[in-house]
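Structure first, then comments.
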Amino acid sequence: MMQQAVRFWVVLLAAMLCGVVAAGGCSFYGFQAGSIPSNLNTIAVPLVQDNSISPVTTLDRDLTRFFTDRFVNRTRLRLTNNEADADALLSATITSYSSEPTTVGDDDRASANQVTVRVSVQYVDQTKQPTEAMLDREFSASSNYDPVTQGVEGEETAAQDALEQIADDVFSAATSNW
């Protein structure tokens, strides 16, 4: 009997909270991660082009995977490999990659390096004629690592962190209605 009463109050409280949120105008955003125009049902995410000179050879595949994860797994969009028939096309080019010292230790060796990745992104609505760029800009992100203790693995992890930040920023910019 006590469990039923607790459930009742939890459900009632949740319903009231939803009502307050809806009355406050926040219902537009709902509980989904992103807002996608109703005319878009499919998306093509071609392999990211890597124009950087990076020792991390998987940047293109990793960023493509991060984009696909965000736009397909966090929205209602379905992935298609046919770029011409896709409602939306998300294409990107890694324009630069750097790993530079940010802190130098007592022995004049770098004790912290920063990986910075810059990516040019285009997100296009192909259902409109002419096609409409919903997003066309450059994104960048950085992450630090210790080259002495982490070495190459640290640089690869920092690069992955930077790519994840870029994917999150692109997703937020592409799905926000500000």
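All residue names refer to the structure tokens as shown: chains lettered A, B, ... in order, residues numbered from 1 in each chain, ligands numbered from 1 in order.
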Give me the segment 63-103 of chain A side of the contact with segment 41-54 of chain A, cut-off 8 Å, one line per residue showing its nearest atom pair and distance in Å at one decimal, counting only C-alpha atoms, sorted by chain and residue number, as CSV.
```
residue,atom,partner,partner_atom,distance
A:Leu63,CA,A:Val48,CA,6.8
A:Thr64,CA,A:Val48,CA,5.6
A:Phe67,CA,A:Val45,CA,7.4
A:Thr68,CA,A:Val45,CA,6.6
A:Phe71,CA,A:Ile43,CA,8.0
A:Val72,CA,A:Ile43,CA,8.0
A:Arg76,CA,A:Asn41,CA,7.1
A:Leu77,CA,A:Asn41,CA,5.0
A:Arg78,CA,A:Thr42,CA,4.6
A:Leu79,CA,A:Ile43,CA,5.1
A:Thr80,CA,A:Ala44,CA,5.2
A:Asn81,CA,A:Ala44,CA,5.8
A:Asn82,CA,A:Ala44,CA,6.7
A:Glu83,CA,A:Ala44,CA,5.4
A:Ala86,CA,A:Ile43,CA,5.3
A:Asp87,CA,A:Thr42,CA,5.2
A:Ala88,CA,A:Ile43,CA,4.6
A:Leu89,CA,A:Ala44,CA,5.0
A:Leu90,CA,A:Val45,CA,5.1
A:Ser91,CA,A:Val45,CA,6.1
A:Ala92,CA,A:Val48,CA,5.2
A:Thr93,CA,A:Gln49,CA,4.6
A:Ile94,CA,A:Asp50,CA,4.7
A:Thr95,CA,A:Asn51,CA,5.4
A:Ser96,CA,A:Ser52,CA,4.7
A:Tyr97,CA,A:Ser52,CA,5.6
A:Ser98,CA,A:Ser54,CA,7.5
```
Keeping only N, CA and C atoms, write those residues as a JSON list (two decimals), in the first residue's frame.
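This went into out04.json:
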```json
[["chain", "number", "residue", "atom", "x", "y", "z"],
["A", 63, "LEU", "N", 36.15, 11.21, -36.63],
["A", 63, "LEU", "CA", 35.21, 12.33, -36.64],
["A", 63, "LEU", "C", 33.94, 11.96, -37.40],
["A", 64, "THR", "N", 34.06, 11.21, -38.47],
["A", 64, "THR", "CA", 32.88, 10.73, -39.20],
["A", 64, "THR", "C", 32.00, 9.89, -38.28],
["A", 67, "PHE", "N", 30.22, 12.17, -35.73],
["A", 67, "PHE", "CA", 29.10, 12.87, -36.36],
["A", 67, "PHE", "C", 27.92, 11.92, -36.54],
["A", 68, "THR", "N", 28.19, 10.75, -37.06],
["A", 68, "THR", "CA", 27.12, 9.78, -37.30],
["A", 68, "THR", "C", 26.43, 9.42, -35.99],
["A", 71, "PHE", "N", 24.15, 12.55, -34.98],
["A", 71, "PHE", "CA", 23.03, 12.88, -35.84],
["A", 71, "PHE", "C", 22.07, 11.72, -36.07],
["A", 72, "VAL", "N", 22.53, 10.50, -35.95],
["A", 72, "VAL", "CA", 21.65, 9.35, -36.17],
["A", 72, "VAL", "C", 21.14, 8.79, -34.85],
["A", 76, "ARG", "N", 16.00, 11.74, -34.92],
["A", 76, "ARG", "CA", 15.15, 10.81, -35.67],
["A", 76, "ARG", "C", 15.67, 10.57, -37.08],
["A", 77, "LEU", "N", 16.79, 11.21, -37.45],
["A", 77, "LEU", "CA", 17.33, 11.06, -38.80],
["A", 77, "LEU", "C", 17.84, 9.64, -39.04],
["A", 78, "ARG", "N", 17.61, 9.15, -40.25],
["A", 78, "ARG", "CA", 18.12, 7.84, -40.66],
["A", 78, "ARG", "C", 19.34, 8.07, -41.56],
["A", 79, "LEU", "N", 20.35, 7.27, -41.39],
["A", 79, "LEU", "CA", 21.58, 7.37, -42.17],
["A", 79, "LEU", "C", 21.38, 6.75, -43.55],
["A", 80, "THR", "N", 21.87, 7.44, -44.57],
["A", 80, "THR", "CA", 21.88, 6.90, -45.92],
["A", 80, "THR", "C", 23.26, 7.12, -46.51],
["A", 81, "ASN", "N", 23.68, 6.19, -47.36],
["A", 81, "ASN", "CA", 24.98, 6.33, -48.02],
["A", 81, "ASN", "C", 24.86, 7.09, -49.34],
["A", 82, "ASN", "N", 23.64, 7.34, -49.78],
["A", 82, "ASN", "CA", 23.41, 8.02, -51.04],
["A", 82, "ASN", "C", 23.34, 9.53, -50.79],
["A", 83, "GLU", "N", 24.45, 10.22, -51.02],
["A", 83, "GLU", "CA", 24.53, 11.65, -50.74],
["A", 83, "GLU", "C", 23.52, 12.45, -51.56],
["A", 86, "ALA", "N", 19.93, 12.10, -50.04],
["A", 86, "ALA", "CA", 19.75, 12.40, -48.62],
["A", 86, "ALA", "C", 19.05, 13.75, -48.46],
["A", 87, "ASP", "N", 18.19, 13.84, -47.47],
["A", 87, "ASP", "CA", 17.53, 15.12, -47.18],
["A", 87, "ASP", "C", 18.55, 16.13, -46.65],
["A", 88, "ALA", "N", 19.47, 15.64, -45.82],
["A", 88, "ALA", "CA", 20.51, 16.51, -45.25],
["A", 88, "ALA", "C", 21.87, 15.90, -45.56],
["A", 89, "LEU", "N", 22.83, 16.78, -45.76],
["A", 89, "LEU", "CA", 24.20, 16.34, -46.03],
["A", 89, "LEU", "C", 25.12, 17.06, -45.05],
["A", 90, "LEU", "N", 25.86, 16.29, -44.28],
["A", 90, "LEU", "CA", 26.83, 16.84, -43.34],
["A", 90, "LEU", "C", 28.22, 16.48, -43.84],
["A", 91, "SER", "N", 28.95, 17.47, -44.31],
["A", 91, "SER", "CA", 30.30, 17.20, -44.80],
["A", 91, "SER", "C", 31.29, 18.08, -44.02],
["A", 92, "ALA", "N", 32.49, 17.56, -43.88],
["A", 92, "ALA", "CA", 33.49, 18.27, -43.09],
["A", 92, "ALA", "C", 34.89, 18.00, -43.62],
["A", 93, "THR", "N", 35.76, 18.97, -43.36],
["A", 93, "THR", "CA", 37.17, 18.86, -43.72],
["A", 93, "THR", "C", 38.01, 19.28, -42.53],
["A", 94, "ILE", "N", 38.92, 18.42, -42.12],
["A", 94, "ILE", "CA", 39.88, 18.79, -41.08],
["A", 94, "ILE", "C", 40.92, 19.67, -41.75],
["A", 95, "THR", "N", 40.95, 20.94, -41.36],
["A", 95, "THR", "CA", 41.81, 21.91, -42.02],
["A", 95, "THR", "C", 43.18, 22.05, -41.36],
["A", 96, "SER", "N", 43.26, 21.77, -40.06],
["A", 96, "SER", "CA", 44.58, 21.83, -39.42],
["A", 96, "SER", "C", 44.61, 21.01, -38.14],
["A", 97, "TYR", "N", 45.81, 20.61, -37.80],
["A", 97, "TYR", "CA", 46.08, 19.82, -36.60],
["A", 97, "TYR", "C", 47.41, 20.31, -36.05],
["A", 98, "SER", "N", 47.47, 20.55, -34.76],
["A", 98, "SER", "CA", 48.76, 20.90, -34.16],
["A", 98, "SER", "C", 48.87, 20.28, -32.78]]
```
Once you count only C-alpha atoms, what closest atom pair and distance in Å to one decimal does each residue of segment 85-143 of chain A within 9 Å of segment 150-157 of chain A have, with rows by chain and rising residue number, as JSON lines?
```
{"residue": "A:Ser99", "atom": "CA", "partner": "A:Glu155", "partner_atom": "CA", "distance": 7.8}
{"residue": "A:Asn113", "atom": "CA", "partner": "A:Glu155", "partner_atom": "CA", "distance": 8.2}
{"residue": "A:Gln114", "atom": "CA", "partner": "A:Glu155", "partner_atom": "CA", "distance": 8.4}
{"residue": "A:Val115", "atom": "CA", "partner": "A:Glu155", "partner_atom": "CA", "distance": 7.0}
{"residue": "A:Ser143", "atom": "CA", "partner": "A:Thr157", "partner_atom": "CA", "distance": 8.7}
```
Give me a file of those residues, with N, CA and C atoms, as a PDB file, in the first residue's frame.
```pdb
ATOM      1  N   SER A  99      50.089  20.010 -32.399  1.00  0.00           N
ATOM      2  CA  SER A  99      50.405  19.547 -31.056  1.00  0.00           C
ATOM      3  C   SER A  99      51.616  20.351 -30.613  1.00  0.00           C
ATOM      4  N   ASN A 113      51.532  19.314 -23.522  1.00  0.00           N
ATOM      5  CA  ASN A 113      51.295  19.699 -24.905  1.00  0.00           C
ATOM      6  C   ASN A 113      49.795  19.886 -25.110  1.00  0.00           C
ATOM      7  N   GLN A 114      49.452  20.687 -26.098  1.00  0.00           N
ATOM      8  CA  GLN A 114      48.053  20.901 -26.434  1.00  0.00           C
ATOM      9  C   GLN A 114      47.819  20.529 -27.895  1.00  0.00           C
ATOM     10  N   VAL A 115      46.874  19.616 -28.100  1.00  0.00           N
ATOM     11  CA  VAL A 115      46.442  19.258 -29.447  1.00  0.00           C
ATOM     12  C   VAL A 115      45.289  20.190 -29.802  1.00  0.00           C
ATOM     13  N   SER A 143      42.816  19.947 -26.555  1.00  0.00           N
ATOM     14  CA  SER A 143      42.919  19.079 -25.385  1.00  0.00           C
ATOM     15  C   SER A 143      44.398  18.908 -25.047  1.00  0.00           C
TER      16      SER A 143
END
```
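Atom CA of Phe171 of chain A lies 9.5 Å from atom CA of Arg74 of chain A.
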TODO: Using only C-alpha atoms, find the one residue out of A:Asn73, A:Ser38, A:Ser140, A:Gln165 that sits nearest to Ser120 of chain A.
DONE: A:Ser140
- [ ] May I ask which of the residues A:Glu138, A:Asp85, A:Val56, A:Leu40 is the closest one to Ala159 of chain A, counting only C-alpha atoms?
- [x]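 Among the listed residues, A:Val56 lies closest to Ala159 of chain A.
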TODO: For each of A:Leu163, A:Arg61, A:Glu132, A:Pro101, take the minimum atom-to-atom distance to Arg118 of chain A, counting only C-alpha atoms, then give the residue where this is smallest.
DONE: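 Among the listed residues, A:Leu163 lies closest to Arg118 of chain A.
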TODO: Mind the document's chain letters and residue numbers, and return as an NGL selection string the residues of segment 36-93 of chain A that DSSP labels strand (DSSP E).
DONE: :A and (42-44 or 49-50 or 78-79 or 88-93)
Task: Members of segment 65-126 of chain A assigned helix (DSSP H, G or I) by DSSP, as a list in words - done: Arg65, Phe66, Phe67, Thr68, Asp69, Arg70, Phe71, Val72 and Asn73 of chain A
Using N, CA, C and O atoms, can you write the selected residues to a file as a compact mmCIF listing (two decimals), in the first residue's frame?
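What follows is the written file again-v9.txt:
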```
# COMPACT_ATOMS: atom_id res chain seq x y z
N ARG A 65 32.62 9.02 -37.51
CA ARG A 65 31.87 8.17 -36.57
C ARG A 65 31.19 9.01 -35.49
O ARG A 65 30.03 8.78 -35.15
N PHE A 66 31.89 10.02 -34.97
CA PHE A 66 31.30 10.89 -33.94
C PHE A 66 30.10 11.66 -34.50
O PHE A 66 29.08 11.80 -33.83
N PHE A 67 30.22 12.17 -35.73
CA PHE A 67 29.10 12.87 -36.36
C PHE A 67 27.92 11.92 -36.54
O PHE A 67 26.77 12.27 -36.24
N THR A 68 28.19 10.75 -37.06
CA THR A 68 27.12 9.78 -37.30
C THR A 68 26.43 9.42 -35.99
O THR A 68 25.20 9.38 -35.93
N ASP A 69 27.20 9.20 -34.95
CA ASP A 69 26.62 8.89 -33.64
C ASP A 69 25.65 9.99 -33.20
O ASP A 69 24.53 9.71 -32.81
N ARG A 70 26.08 11.21 -33.30
CA ARG A 70 25.25 12.31 -32.82
C ARG A 70 24.00 12.52 -33.68
O ARG A 70 22.90 12.68 -33.15
N PHE A 71 24.15 12.55 -34.98
CA PHE A 71 23.03 12.88 -35.84
C PHE A 71 22.07 11.72 -36.07
O PHE A 71 20.90 11.94 -36.36
N VAL A 72 22.53 10.50 -35.95
CA VAL A 72 21.65 9.35 -36.17
C VAL A 72 21.14 8.79 -34.85
O VAL A 72 19.95 8.51 -34.71
N ASN A 73 22.00 8.64 -33.88
CA ASN A 73 21.59 8.04 -32.61
C ASN A 73 20.88 9.01 -31.67
O ASN A 73 20.21 8.58 -30.74
```
Task: Neighbour list for Ala133 of chain A as a list in words, cut-off 9 Å, only C-alpha atoms, skip fewer than 6 positions in-chain - done: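 Skipping anything fewer than 6 positions along the chain leaves Gln122, Tyr123, Val124, Asp125 and Gln126 of chain A.
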TODO: Record the distance separating atom CA of Pro147 of chain A and atom CA of Thr102 of chain A, expressed in Å with one decimal.
DONE: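 Computed distance, atom CA of Pro147 of chain A to atom CA of Thr102 of chain A, equals 10.8 Å.
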